[in-house]
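Source file: work_11.txt (compact mmCIF, C-alpha atoms)
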```txt
# COMPACT_ATOMS: atom_id res chain seq x y z
CA MET Z 1 139.54 173.45 161.78
CA ARG Z 2 141.42 171.46 159.19
CA LYS Z 3 145.18 171.57 159.11
CA VAL Z 4 147.34 169.49 156.77
CA LEU Z 5 150.15 167.91 158.79
CA GLY Z 6 153.58 168.85 157.55
CA LYS Z 7 157.19 167.91 158.03
CA ALA Z 8 157.36 169.45 161.54
CA PHE Z 9 154.73 166.98 162.81
CA PHE Z 10 156.54 163.98 161.32
CA ARG Z 11 160.06 165.03 162.28
CA ARG Z 12 159.93 163.08 165.54
CA SER Z 13 160.59 159.46 166.38
CA ALA Z 14 158.13 156.90 165.05
CA PRO Z 15 157.05 155.80 168.58
CA GLU Z 16 156.13 159.46 169.28
CA VAL Z 17 154.33 160.07 165.98
CA ALA Z 18 152.39 156.77 165.88
CA PRO Z 19 150.04 157.43 168.84
CA ASP Z 20 149.67 161.07 167.81
CA LEU Z 21 148.26 159.93 164.45
CA ILE Z 22 145.31 158.30 166.19
CA GLY Z 23 142.39 160.70 165.63
CA LYS Z 24 143.99 162.40 162.63
CA TYR Z 25 142.43 161.96 159.19
CA LEU Z 26 143.88 160.20 156.19
CA VAL Z 27 142.57 162.05 153.14
CA ARG Z 28 142.59 160.71 149.59
CA GLU Z 29 141.62 162.78 146.57
CA MET Z 30 140.61 160.92 143.42
CA ASN Z 31 138.86 162.28 140.35
CA GLY Z 32 138.14 165.59 142.10
CA ALA Z 33 136.43 163.96 145.09
CA GLN Z 34 137.86 163.59 148.58
CA GLU Z 35 137.45 160.74 151.04
CA ALA Z 36 138.61 161.20 154.62
CA TYR Z 37 138.91 158.58 157.34
CA MET Z 38 139.99 158.91 160.96
CA ILE Z 39 143.14 156.91 161.68
CA THR Z 40 142.45 154.26 164.33
CA GLU Z 41 145.53 152.00 164.32
CA THR Z 42 149.25 152.54 163.70
CA GLU Z 43 152.60 150.78 164.22
CA ALA Z 44 156.02 152.36 164.73
CA TYR Z 45 159.30 151.18 163.18
CA GLU Z 46 162.36 152.96 164.48
CA GLY Z 47 166.00 152.88 163.45
CA LEU Z 48 168.59 150.43 162.23
CA ASP Z 49 168.47 148.38 165.43
CA ASP Z 50 164.73 147.66 165.16
CA ARG Z 51 164.86 144.12 163.77
CA ALA Z 52 161.18 144.34 162.77
CA SER Z 53 161.98 147.27 160.46
CA HIS Z 54 162.99 146.88 156.83
CA ALA Z 55 165.80 149.34 157.59
CA SER Z 56 167.46 146.84 159.94
CA ARG Z 57 169.03 145.31 156.85
CA GLY Z 58 170.60 148.64 155.95
CA ARG Z 59 170.08 151.23 153.30
CA THR Z 60 168.75 149.65 150.11
CA LYS Z 61 166.82 150.85 147.09
CA ARG Z 62 163.63 149.71 148.85
CA THR Z 63 164.38 151.37 152.20
CA GLU Z 64 166.04 154.56 150.92
CA VAL Z 65 162.87 156.58 151.54
CA MET Z 66 162.88 155.59 155.24
CA PHE Z 67 166.14 157.48 155.74
CA GLY Z 68 164.38 160.81 155.21
CA PRO Z 69 163.16 163.37 154.82
CA ALA Z 70 160.18 163.09 157.15
CA GLY Z 71 156.71 163.56 155.74
CA HIS Z 72 157.03 161.27 152.71
CA TRP Z 73 155.20 158.05 151.94
CA TYR Z 74 156.84 154.63 152.09
CA VAL Z 75 154.63 152.15 150.23
CA TYR Z 76 155.67 148.55 149.67
CA LEU Z 77 154.12 145.29 148.57
CA ILE Z 78 153.86 142.22 150.83
CA TYR Z 79 152.79 138.68 150.02
CA GLY Z 80 152.71 139.74 146.38
CA MET Z 81 149.29 141.31 146.83
CA TYR Z 82 148.99 143.91 149.64
CA GLN Z 83 150.28 147.48 149.57
CA MET Z 84 151.39 148.82 152.96
CA LEU Z 85 151.14 152.57 153.60
CA ASN Z 86 153.75 154.12 155.89
CA VAL Z 87 154.69 157.70 156.61
CA VAL Z 88 158.40 158.48 157.09
CA THR Z 89 159.27 160.11 160.42
CA GLY Z 90 162.33 161.36 162.28
CA ASP Z 91 165.50 163.13 161.26
CA ASP Z 92 167.15 162.79 157.86
CA GLY Z 93 169.54 159.85 157.83
CA HIS Z 94 167.74 157.98 160.63
CA PRO Z 95 165.32 155.39 159.22
CA SER Z 96 161.90 155.38 160.79
CA ALA Z 97 158.30 155.15 159.67
CA VAL Z 98 154.77 154.59 160.91
CA LEU Z 99 152.51 152.01 159.30
CA ILE Z 100 148.88 153.10 158.96
CA ARG Z 101 147.13 149.82 159.90
CA ALA Z 102 143.50 150.94 160.03
CA VAL Z 103 141.11 153.84 159.68
CA GLU Z 104 137.52 154.18 160.84
CA GLY Z 105 135.46 151.68 158.86
CA ILE Z 106 138.42 149.95 157.19
CA ASP Z 107 140.37 147.42 159.26
CA GLY Z 108 143.66 146.10 157.97
CA PRO Z 109 146.43 147.85 156.06
CA GLY Z 110 145.86 145.86 152.86
CA ARG Z 111 142.13 146.61 152.82
CA LEU Z 112 142.89 150.27 153.48
CA THR Z 113 145.20 150.69 150.51
CA LYS Z 114 142.92 148.69 148.24
CA ARG Z 115 139.84 150.75 149.21
CA LEU Z 116 141.68 154.04 148.67
CA SER Z 117 143.54 152.93 145.50
CA ILE Z 118 146.92 153.48 147.13
CA THR Z 119 149.73 151.86 145.18
CA ARG Z 120 153.50 151.98 145.10
CA ASP Z 121 153.13 154.99 142.83
CA PHE Z 122 152.89 156.98 146.09
CA ASN Z 123 156.22 155.63 147.35
CA THR Z 124 158.67 158.51 148.08
CA LYS Z 125 156.03 161.17 147.38
CA LYS Z 126 155.37 163.94 149.86
CA VAL Z 127 152.45 163.74 152.26
CA SER Z 128 150.53 166.65 150.74
CA LYS Z 129 147.46 167.73 148.82
CA VAL Z 130 149.60 167.97 145.69
CA THR Z 131 150.05 164.19 145.64
CA GLY Z 132 146.39 163.46 146.41
CA LEU Z 133 147.16 161.74 149.70
CA TRP Z 134 147.69 163.56 152.97
CA ILE Z 135 146.92 163.61 156.70
CA GLU Z 136 144.86 166.31 158.42
CA ASP Z 137 144.31 167.41 161.97
CA ARG Z 138 140.58 168.10 162.22
CA GLY Z 139 140.59 168.99 165.89
CA VAL Z 140 139.67 165.54 167.22
CA ARG Z 141 141.36 164.97 170.56
CA ILE Z 142 141.71 161.36 171.69
CA ASP Z 143 142.08 160.78 175.41
CA PRO Z 144 145.28 158.73 175.92
CA THR Z 145 143.28 156.23 177.98
CA HIS Z 146 141.49 155.33 174.73
CA ILE Z 147 144.70 154.32 172.98
CA LYS Z 148 145.79 150.76 173.64
CA LYS Z 149 149.47 149.87 173.26
CA THR Z 150 150.31 146.35 172.11
CA ALA Z 151 153.06 144.40 170.43
CA ARG Z 152 153.29 144.86 166.68
CA ILE Z 153 151.63 142.32 164.41
CA GLY Z 154 153.47 139.80 162.24
CA VAL Z 155 157.00 140.54 163.45
CA GLU Z 156 157.68 137.41 165.50
CA ASN Z 157 160.84 136.73 163.47
CA ALA Z 158 162.39 139.97 164.77
CA GLY Z 159 163.48 138.25 167.98
CA PRO Z 160 161.96 138.43 171.45
CA VAL Z 161 162.97 142.01 172.27
CA TRP Z 162 161.75 143.61 169.05
CA ALA Z 163 158.72 141.38 168.53
CA LYS Z 164 157.40 142.36 171.96
CA LYS Z 165 157.90 146.13 171.63
CA GLU Z 166 154.57 147.77 172.34
CA TRP Z 167 154.72 150.07 169.34
CA ARG Z 168 151.26 149.28 167.98
CA PHE Z 169 148.62 151.84 168.91
CA VAL Z 170 144.88 151.13 168.64
CA TYR Z 171 141.92 153.42 169.30
CA ILE Z 172 139.54 151.66 171.72
```
Translate this structure into structure tokens?
Amino acid sequence: MRKVLGKAFFRRSAPEVAPDLIGKYLVREMNGAQEAYMITETEAYEGLDDRASHASRGRTKRTEVMFGPAGHWYVYLIYGMYQMLNVVTGDDGHPSAVLIRAVEGIDGPGRLTKRLSITRDFNTKKVSKVTGLWIEDRGVRIDPTHIKKTARIGVENAGPVWAKKEWRFVYI
């Protein structure tokens, strides 16, 4: 069974969506061919108060997509060289997103986007087959005991409370 995930799946808080993405498949269509990879690592960013989130600085041209609607891509560049792929979650007007950190066989968010030719051209586009990048439920069920929760990576400057939030989810 293959089911493309839609807005209803993503219209929940990022800390709820992030672990539920483990075991789902990121699918990329290029030149008529599809590549699909099981998602194995995610991170949640939730709301204006989350000092690790780009949205903590308010609504800007860059963060506008995070304010909704759910089920759209938020892609940004870091260190001048790595694209980061996030899916927008939650209710309209409330900024939240989940970073796709790794998929089976590709560790690291920068390697993932490079391997799948994901650029900022996807930013603000809908998570759907029409855009060539979507997420599917293929019936894989991951036992919650096989999902490790840890602090997010690279957010030490967010302060002790937000840097230590265990909103990173890893398939083990």
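Comparing the minimum interatomic distances between Gly154 of chain Z and each of Z:Glu136, Z:Ala14, Z:Glu41, Z:Ile78, counting all atoms listed in the file, we find that Z:Ile78 sits nearest.
Distances from Z:Val140, Z:Leu99, Z:Ile147, Z:Val17 to Lys3 of chain Z were compared using all atoms listed in the file, and the smallest one belongs to Z:Val140.
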Task: Neighbour list for Gly105 of chain Z as a list in words, cut-off 10 Å, all atoms listed in the file, skip fewer than 4 positions in-chain - done: Tyr37, Met38, Ile39, Thr40 and Leu112 of chain Z
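Comparing the minimum interatomic distances between Leu21 of chain Z and each of Z:Ile153, Z:Ala102, Z:Leu116, Z:Val161, counting all atoms listed in the file, we find that Z:Ala102 sits nearest.
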Open item on the list: Need to verify the contact set: Phe122 of chain Z, 10 Å, all atoms listed in the file, exclusion of same-chain residues closer than 6 positions in sequence. Can you return it as an MDAnalysis selection string?
Closed with: chainID Z and resid 72:76 85 131:133
Task: atom CA of Arg2 of chain Z to atom CA of Arg138 of chain Z, straight-line distance in Å - done: 4.6 Å
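The shortest atom-to-atom distance to Val4 of chain Z, with all atoms listed in the file taken into account, belongs to Z:Asp137 out of Z:Asp121, Z:Glu43, Z:Asp91, Z:Asp137.
Counting only C-alpha atoms, the residue from Z:Val27, Z:Ile100, Z:Met1, Z:Val155 that sits nearest to Ile135 of chain Z is Z:Val27.
Going from atom CA of Ala8 of chain Z over to atom CA of Gly47 of chain Z, you cover 18.8 Å.
In this model, the gap between atom CA of Trp134 of chain Z and atom CA of Thr63 of chain Z comes to 20.7 Å.
With only C-alpha atoms as the atoms that count, the residue of Z:Arg111, Z:Val127, Z:Thr42, Z:Ala158 with the shortest distance to His54 of chain Z is Z:Ala158.
Excluding segment 87-90 of chain Z and any residue on its chain fewer than 4 positions from it, the residues at most 6 Å away by only C-alpha atoms are Phe10, Arg11, Arg12, Ser13, Ala14, Met66, Ala70, Gly71, His72, Trp73, Tyr74, Ser96, Ala97 and Val98 of chain Z.
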